[in-house]
Amino acid sequence: MDTFLLINAILFTAIVMYGLYLFGRVVATRTAYIKLGKKSTFDGEVKERLRRIGKIVFGQSKLLKDKKSGIMHVMMFYGFILVQFGAIDMFVKGLAPERHLPFGVFYPGFTFFQELVTLMILVAVAIGFHRRYVEKIVRLKRGFKAGLVLIFIGTLMLSVLVGNGMAQIWHGHDATWTEPVASLIGLGFGWMSPTAAAVVFYIAWWVHAITILTFLVYVPQSKHAHLIAAPINVFLSKRVTGKLNKLDFDIDEDAEESEEEISFGVGKVEDFEQYQLIDFYACVECGRCTDVCPAAGTGKMLSPMDLMIKMRDHLTEKGAAITGKTPWVPAYAFANTKGNQIAKSEAAASVEDVSLIGDVITIEELSACTTCRNCEDACPVMNEHVDKIIDLRRYLVMTEGKMDPDAQRAVMNIERQGNPWGLSKKDRIKWRELDESVSIPTVKELKKEDKEFDYLFWVSSMGAYDNRSQKIAIAFAKLMNEAGIRFAILGNKEANSGDTARRIGNEFLFQEIAEKNIKEFEKHDVNKIVTIDPHAYNIFKNEYPDFGFEAEVYHHTQLLFDLVMNGKLKPQREINERLTYHDSCYLGRYNGVYDPPREILQSIPGLELVEMERSRENAMCCGAGGGLMWSEETTGNRINVARTEQAIAVQPSMISSACPYCLTMLSDGTKAKEVEDDIGTMDVAEILALSVFAEEHSKTA
């Protein structure tokens, strides 16, 4: 027996060392691929990022948004961590029979707890198998690779239970409450001789050892690389959600690159920053992002999950070509894979001919994104899809000069006239004429009167030019008058926030706009901005600081909420409507503003507020974001109609929003569904004004 144990220990040590070597090699290879990207800066906010790790990684907060799969994953996640102590205990028993982990009087409790955890994991594996192969949830991939991890984990758990049962027979131990499952196995196979039981024990022992080492090597070269990459990804993800990186347009004329080589945006996978490349290996392939994507849900080509997978595979192949490191190990077992062939042959040159935009990702995919960030909110590992899409759009627009004709027209109009329609700059202030009883002074007018203002009211292009949105601006201004708020507008000096240009990909135009706006703000000592436009709200609050401008920025619902709560605005008239509220993406998911609009609506007498199935952080986009407001949908169903259908499903008499873009899209949606006579569409400010001023109610104002 001693000779057997010696040989067994030598073989075990050898295979463990080999497994650890292969694991280290794969991790080093993937790290080398990630390092091909541009270096990233780190803000040093370690404590905040560690709290995020605690909440998302160990608290599994994002996974638990889907209760079924979330609970299953929690069972598997914590169970797999805890059961590793059982694996160590089993290895000890195989290397030194009759010995175990030195837990003293606590060992019986330890074995009982381990069996419970093992059973819990087996239940989670069964649930996972059922959801993927029996229930056949659409977002989950099927096939051998997709279920391989379930096979690994199930094998590990069963081998432990069988091994412990055989150990009882082998060593002649009686059944015990501390190992209920192993005792049942021992009783069921009590007819076996100790020698036969020892043989079966070592078979189970080696199955367990080889499976866990195979799993270890498999993890970093599969979708389960998220076990390593996800915590890093969560730690490094943006502190300000959805914020885009500033591009540097200062070109060094003495640099070696020729003018032909100068490019902006991302045209090659290595143009992404290193922290962005980690996203690709953190992807779980769970499909949650695609499941909530408004483009994917309405028949467009875009699938956020496929986007990440395709760029990950492209990075792996290009990384193999550039570094010469084989991506798949052991190399002899994967000699015929494309990645290994690229790393070891002249085929590496062919990878350089593969275009990231065109061959890997299509222009149609990039154009379909509404930048709503529902994919990012749903992602359990904090992958950031939108910034990559914008980076690729930047390359198309600024380096290749490619842009959707409708989007190009809107951008050109913004550049020339400061608004997407190309209407005269001199007409921007005319919206005040809708109701001359409302005081809406310009900063210039107040300066002449030697008066000051507290808030700059950013009307936005929608509020200034769009007939429907002008009524929102008037209602909000009237409410500010009532509450005694000192505010002013820029009038014809107001331009465009630059959000549309930036999200379409014209970063150069955006920066020009931002610089001009900031000069205007500084000229008038603007310290507080309030706007009816969530897109302007987001870009002033989160992205203008990169250009040296910081101010207190408010959405109009935030200011109105404070005024209602402080008693400066008092809803009086009953609004007897069944209302559902639509969350704007740039107000909600980008900035977490969910409660103020709802609190305002709930303060209005007679109003019944009902929630759509998809609301708050999971609310579906109206389809206007990312510059798509100015483009026609030519593929699949219209996003705004799909969202309107979700609103109609709760049988409202009114649909409300707090964004002029959203309201326009939803109004068009009710017309498309031919229910505009039965279901009104109004902004929160308009509804509040109806109640505060007790005006005659008109649902379709």
# chains A, B, ... in the order shown; residues from 1 in each chain; ligands from 1
call {"tool": "select_by_dssp", "arguments": {"residues": "range 236-335 of chain A", "states": "alpha helix (DSSP H)", "output": "PyMOL selection string"}}
result
chain A and resi 236+274-282+288-292+294-297+304-323
call {"tool": "residues_around", "arguments": {"residues": "Asn576 in chain A", "least_positions_apart": "4", "cutoff": "10 Å", "atoms": "only C-alpha atoms", "output": "PyMOL selection string"}}
result
chain A and resi 604-608+653+697
call {"tool": "atom_distance", "arguments": {"atom1": "CA of Val160 in chain A", "atom2": "CA of Asp2 in chain A"}}
result
23.4 Å
call {"tool": "closest_residue", "arguments": {"among": "A:Ile212, A:Ile539, A:Leu5, A:Val74", "to": "Ile88 in chain A", "atoms": "only C-alpha atoms"}}
result
A:Ile212
call {"tool": "residues_around", "arguments": {"residues": "Trp431 in chain A", "least_positions_apart": "2", "cutoff": "9 Å", "atoms": "only C-alpha atoms", "output": "list in words"}}
result
Asp427, Arg428, Ile429, Glu433, Leu434, Asp435, Gly463, Ala464, Tyr465, Asn467, Gln470, Lys471, Ala473 and Ile474 of chain A
call {"tool": "residues_around", "arguments": {"residues": "Gln84 in chain A", "least_positions_apart": "3", "cutoff": "12 Å", "atoms": "only C-alpha atoms", "output": "ChimeraX atom specification"}}
result
/A:77-81,87-91,114,117-118,153,156-157,160,208-209,212
call {"tool": "residues_around", "arguments": {"residues": "Ala197 in chain A", "least_positions_apart": "3", "cutoff": "12 Å", "atoms": "only C-alpha atoms", "output": "list of chain:residue names"}}
result
A:Val162, A:Gly163, A:Asn164, A:Gly165, A:Met166, A:Ala167, A:Gln168, A:Ile169, A:Trp170, A:His171, A:Gly172, A:Ile185, A:Gly186, A:Phe189, A:Gly190, A:Trp191, A:Met192, A:Ser193, A:Pro194, A:Val200, A:Phe201, A:Tyr202, A:Ile203, A:Ala204, A:Trp205
call {"tool": "write_last_selection", "arguments": {"atoms": "C-alpha atoms", "output": "compact mmCIF listing (two decimals), in the first residue's frame"}}
result
# COMPACT_ATOMS: atom_id res chain seq x y z
CA VAL A 162 -19.30 8.48 -4.25
CA GLY A 163 -15.75 8.75 -2.90
CA ASN A 164 -16.95 9.49 0.63
CA GLY A 165 -19.41 6.59 0.48
CA MET A 166 -16.71 4.18 -0.67
CA ALA A 167 -14.35 5.47 2.04
CA GLN A 168 -16.88 4.40 4.70
CA ILE A 169 -16.93 0.83 3.32
CA TRP A 170 -13.16 0.77 2.80
CA HIS A 171 -12.35 1.87 6.35
CA GLY A 172 -15.26 0.04 7.95
CA ILE A 185 -24.22 5.14 -0.59
CA GLY A 186 -22.22 3.09 1.90
CA PHE A 189 -23.10 -0.83 -1.57
CA GLY A 190 -22.42 -2.53 1.75
CA TRP A 191 -22.01 -5.85 -0.05
CA MET A 192 -18.68 -4.67 -1.52
CA SER A 193 -15.39 -5.78 0.00
CA PRO A 194 -13.07 -3.16 1.51
CA VAL A 200 -13.84 2.58 -6.52
CA PHE A 201 -12.75 5.31 -4.08
CA TYR A 202 -9.56 5.94 -6.02
CA ILE A 203 -11.42 5.90 -9.33
CA ALA A 204 -13.76 8.59 -7.93
CA TRP A 205 -10.74 10.38 -6.42
call {"tool": "residues_around", "arguments": {"residues": "Asp291 in chain A", "least_positions_apart": "2", "cutoff": "10 Å", "atoms": "only C-alpha atoms", "output": "list in words"}}
result
Val138, Arg139, Leu140, Cys286, Gly287, Arg288, Cys289, Cys293, Pro294, Ala295, Ala296, Gly297, Ser303, Pro304, Met305, Asn374, Cys375 and Ala378 of chain A
call {"tool": "write_last_selection", "arguments": {"atoms": "C-alpha atoms", "output": "short mmCIF file (atom, residue, chain, number, x, y, z; two decimals), in the first residue's frame"}}
result
data_model
loop_
_atom_site.label_atom_id
_atom_site.label_comp_id
_atom_site.auth_asym_id
_atom_site.auth_seq_id
_atom_site.Cartn_x
_atom_site.Cartn_y
_atom_site.Cartn_z
CA VAL A 138 -34.11 31.84 -25.92
CA ARG A 139 -31.20 33.92 -24.66
CA LEU A 140 -29.22 30.84 -23.51
CA CYS A 286 -25.77 34.83 -20.84
CA GLY A 287 -27.74 36.82 -23.42
CA ARG A 288 -29.27 39.19 -20.87
CA CYS A 289 -28.01 42.19 -22.84
CA CYS A 293 -31.92 45.42 -26.31
CA PRO A 294 -34.62 47.46 -28.10
CA ALA A 295 -32.86 46.99 -31.44
CA ALA A 296 -32.58 43.21 -31.09
CA GLY A 297 -36.14 43.00 -29.75
CA SER A 303 -27.12 41.80 -30.65
CA PRO A 304 -24.96 43.25 -27.85
CA MET A 305 -23.86 39.76 -26.80
CA ASN A 374 -30.22 48.65 -21.12
CA CYS A 375 -27.62 46.07 -22.17
CA ALA A 378 -28.62 44.01 -17.46
#
call {"tool": "residues_around", "arguments": {"residues": "Ala28 in chain A", "least_positions_apart": "4", "cutoff": "10 Å", "atoms": "only C-alpha atoms", "output": "compact mmCIF listing (two decimals) with N, CA and C atoms, in the first residue's frame"}}
result
# COMPACT_ATOMS: atom_id res chain seq x y z
N LEU A 22 -0.52 24.95 -17.37
CA LEU A 22 -1.40 25.27 -18.49
C LEU A 22 -2.31 26.44 -18.15
N PHE A 23 -2.84 26.45 -16.93
CA PHE A 23 -3.70 27.54 -16.48
C PHE A 23 -2.94 28.87 -16.53
N GLY A 24 -1.74 28.88 -15.97
CA GLY A 24 -0.94 30.09 -15.96
C GLY A 24 -0.60 30.57 -17.36
N ALA A 32 -1.56 39.08 -22.39
CA ALA A 32 -0.75 39.65 -23.47
C ALA A 32 -1.64 40.23 -24.56
N TYR A 33 -2.74 39.55 -24.84
CA TYR A 33 -3.68 40.07 -25.85
C TYR A 33 -4.30 41.38 -25.38
N ILE A 34 -4.69 41.43 -24.12
CA ILE A 34 -5.32 42.65 -23.58
C ILE A 34 -4.32 43.82 -23.60
N PRO A 220 -10.15 29.71 -18.29
CA PRO A 220 -9.67 30.95 -18.92
C PRO A 220 -9.73 30.95 -20.45
N LYS A 325 1.61 33.83 -29.55
CA LYS A 325 1.23 32.95 -28.43
C LYS A 325 -0.04 32.18 -28.80
N PRO A 327 -3.48 30.53 -28.42
CA PRO A 327 -4.57 30.81 -27.47
C PRO A 327 -5.15 29.56 -26.80
call {"tool": "closest_atom_pairs", "arguments": {"of": "range 534-627 of chain A", "to": "range 384-404 of chain A", "cutoff": "12 Å", "atoms": "only C-alpha atoms", "output": "CSV"}}
result
residue,atom,partner,partner_atom,distance
A:Tyr590,CA,A:Val386,CA,11.7
A:Gly625,CA,A:Val386,CA,11.6
A:Gly626,CA,A:Ile390,CA,8.8
A:Gly627,CA,A:Asp404,CA,10.2
call {"tool": "write_last_selection", "arguments": {"atoms": "N, CA and C atoms", "output": "tab-separated table (two decimals), in the first residue's frame"}}
result
chain	number	residue	atom	x	y	z
A	590	TYR	N	-28.93	56.37	-17.13
A	590	TYR	CA	-27.69	57.15	-17.12
A	590	TYR	C	-27.47	57.91	-15.81
A	625	GLY	N	-32.72	57.71	-28.96
A	625	GLY	CA	-31.36	57.98	-28.52
A	625	GLY	C	-30.31	57.64	-29.54
A	626	GLY	N	-29.09	58.10	-29.28
A	626	GLY	CA	-27.96	57.79	-30.16
A	626	GLY	C	-28.06	58.41	-31.53
A	627	GLY	N	-28.87	59.48	-31.66
A	627	GLY	CA	-29.04	60.14	-32.95
A	627	GLY	C	-30.10	59.51	-33.82
call {"tool": "closest_residue", "arguments": {"among": "A:Glu376, A:Tyr594, A:Arg468, A:Val692", "to": "Lys62 in chain A", "atoms": "only C-alpha atoms"}}
result
A:Glu376
call {"tool": "decode", "arguments": {"residues": "range 432-456 of chain A", "atoms": "N, CA, C and O atoms", "output": "compact mmCIF listing (two decimals), in the first residue's frame"}}
result
# COMPACT_ATOMS: atom_id res chain seq x y z
N ARG A 432 -41.29 81.73 -27.05
CA ARG A 432 -41.85 82.54 -25.95
C ARG A 432 -43.19 83.16 -26.32
O ARG A 432 -44.00 83.47 -25.45
N GLU A 433 -43.42 83.34 -27.61
CA GLU A 433 -44.62 84.01 -28.08
C GLU A 433 -45.88 83.17 -27.90
O GLU A 433 -46.99 83.67 -28.05
N LEU A 434 -45.71 81.88 -27.59
CA LEU A 434 -46.88 81.01 -27.38
C LEU A 434 -47.73 81.49 -26.22
O LEU A 434 -48.96 81.33 -26.23
N ASP A 435 -47.11 82.05 -25.21
CA ASP A 435 -47.85 82.56 -24.05
C ASP A 435 -47.06 83.74 -23.48
O ASP A 435 -46.14 83.56 -22.67
N GLU A 436 -47.43 84.93 -23.90
CA GLU A 436 -46.69 86.12 -23.51
C GLU A 436 -46.96 86.52 -22.06
O GLU A 436 -46.31 87.42 -21.53
N SER A 437 -47.94 85.83 -21.42
CA SER A 437 -48.21 86.11 -20.01
C SER A 437 -47.16 85.49 -19.10
O SER A 437 -47.05 85.84 -17.92
N VAL A 438 -46.38 84.56 -19.65
CA VAL A 438 -45.33 83.89 -18.87
C VAL A 438 -44.03 84.67 -19.02
O VAL A 438 -43.61 84.99 -20.14
N SER A 439 -43.41 84.97 -17.92
CA SER A 439 -42.15 85.72 -17.95
C SER A 439 -40.99 84.78 -18.23
O SER A 439 -40.69 83.88 -17.43
N ILE A 440 -40.33 84.97 -19.38
CA ILE A 440 -39.20 84.13 -19.78
C ILE A 440 -38.09 85.05 -20.27
O ILE A 440 -37.90 85.25 -21.47
N PRO A 441 -37.35 85.67 -19.37
CA PRO A 441 -36.32 86.63 -19.77
C PRO A 441 -35.05 85.95 -20.28
O PRO A 441 -34.74 84.81 -19.91
N THR A 442 -34.33 86.64 -21.12
CA THR A 442 -33.01 86.18 -21.54
C THR A 442 -31.98 86.75 -20.58
O THR A 442 -32.24 87.73 -19.85
N VAL A 443 -30.80 86.18 -20.57
CA VAL A 443 -29.73 86.69 -19.70
C VAL A 443 -29.37 88.12 -20.10
O VAL A 443 -29.04 88.96 -19.23
N LYS A 444 -29.47 88.41 -21.39
CA LYS A 444 -29.15 89.75 -21.89
C LYS A 444 -30.17 90.77 -21.38
O LYS A 444 -29.82 91.88 -20.96
N GLU A 445 -31.44 90.36 -21.39
CA GLU A 445 -32.51 91.26 -20.92
C GLU A 445 -32.36 91.55 -19.43
O GLU A 445 -32.56 92.68 -18.97
N LEU A 446 -32.04 90.51 -18.66
CA LEU A 446 -31.86 90.71 -17.21
C LEU A 446 -30.66 91.60 -16.92
O LEU A 446 -30.68 92.41 -15.99
N LYS A 447 -29.63 91.45 -17.73
CA LYS A 447 -28.42 92.25 -17.52
C LYS A 447 -28.71 93.73 -17.75
O LYS A 447 -28.23 94.60 -17.01
N LYS A 448 -29.53 94.01 -18.76
CA LYS A 448 -29.92 95.40 -19.03
C LYS A 448 -30.69 96.00 -17.86
O LYS A 448 -30.59 97.19 -17.57
N GLU A 449 -31.49 95.14 -17.20
CA GLU A 449 -32.31 95.60 -16.07
C GLU A 449 -31.55 95.50 -14.75
O GLU A 449 -32.11 95.76 -13.68
N ASP A 450 -30.30 95.07 -14.87
CA ASP A 450 -29.44 94.91 -13.68
C ASP A 450 -30.04 93.90 -12.68
O ASP A 450 -30.00 94.12 -11.48
N LYS A 451 -30.57 92.85 -13.24
CA LYS A 451 -31.16 91.79 -12.42
C LYS A 451 -30.33 90.51 -12.55
O LYS A 451 -29.63 90.31 -13.55
N GLU A 452 -30.45 89.66 -11.56
CA GLU A 452 -29.69 88.40 -11.57
C GLU A 452 -30.64 87.21 -11.71
O GLU A 452 -31.85 87.34 -11.55
N PHE A 453 -30.06 86.09 -12.02
CA PHE A 453 -30.84 84.85 -12.12
C PHE A 453 -30.10 83.75 -11.38
O PHE A 453 -28.87 83.79 -11.24
N ASP A 454 -30.87 82.77 -10.91
CA ASP A 454 -30.27 81.63 -10.20
C ASP A 454 -30.03 80.46 -11.14
O ASP A 454 -29.01 79.77 -11.04
N TYR A 455 -30.99 80.22 -12.03
CA TYR A 455 -30.91 79.07 -12.94
C TYR A 455 -30.88 79.54 -14.39
O TYR A 455 -31.66 80.42 -14.78
N LEU A 456 -30.00 78.93 -15.16
CA LEU A 456 -30.08 79.07 -16.61
C LEU A 456 -31.01 77.96 -17.10
O LEU A 456 -30.75 76.78 -16.88
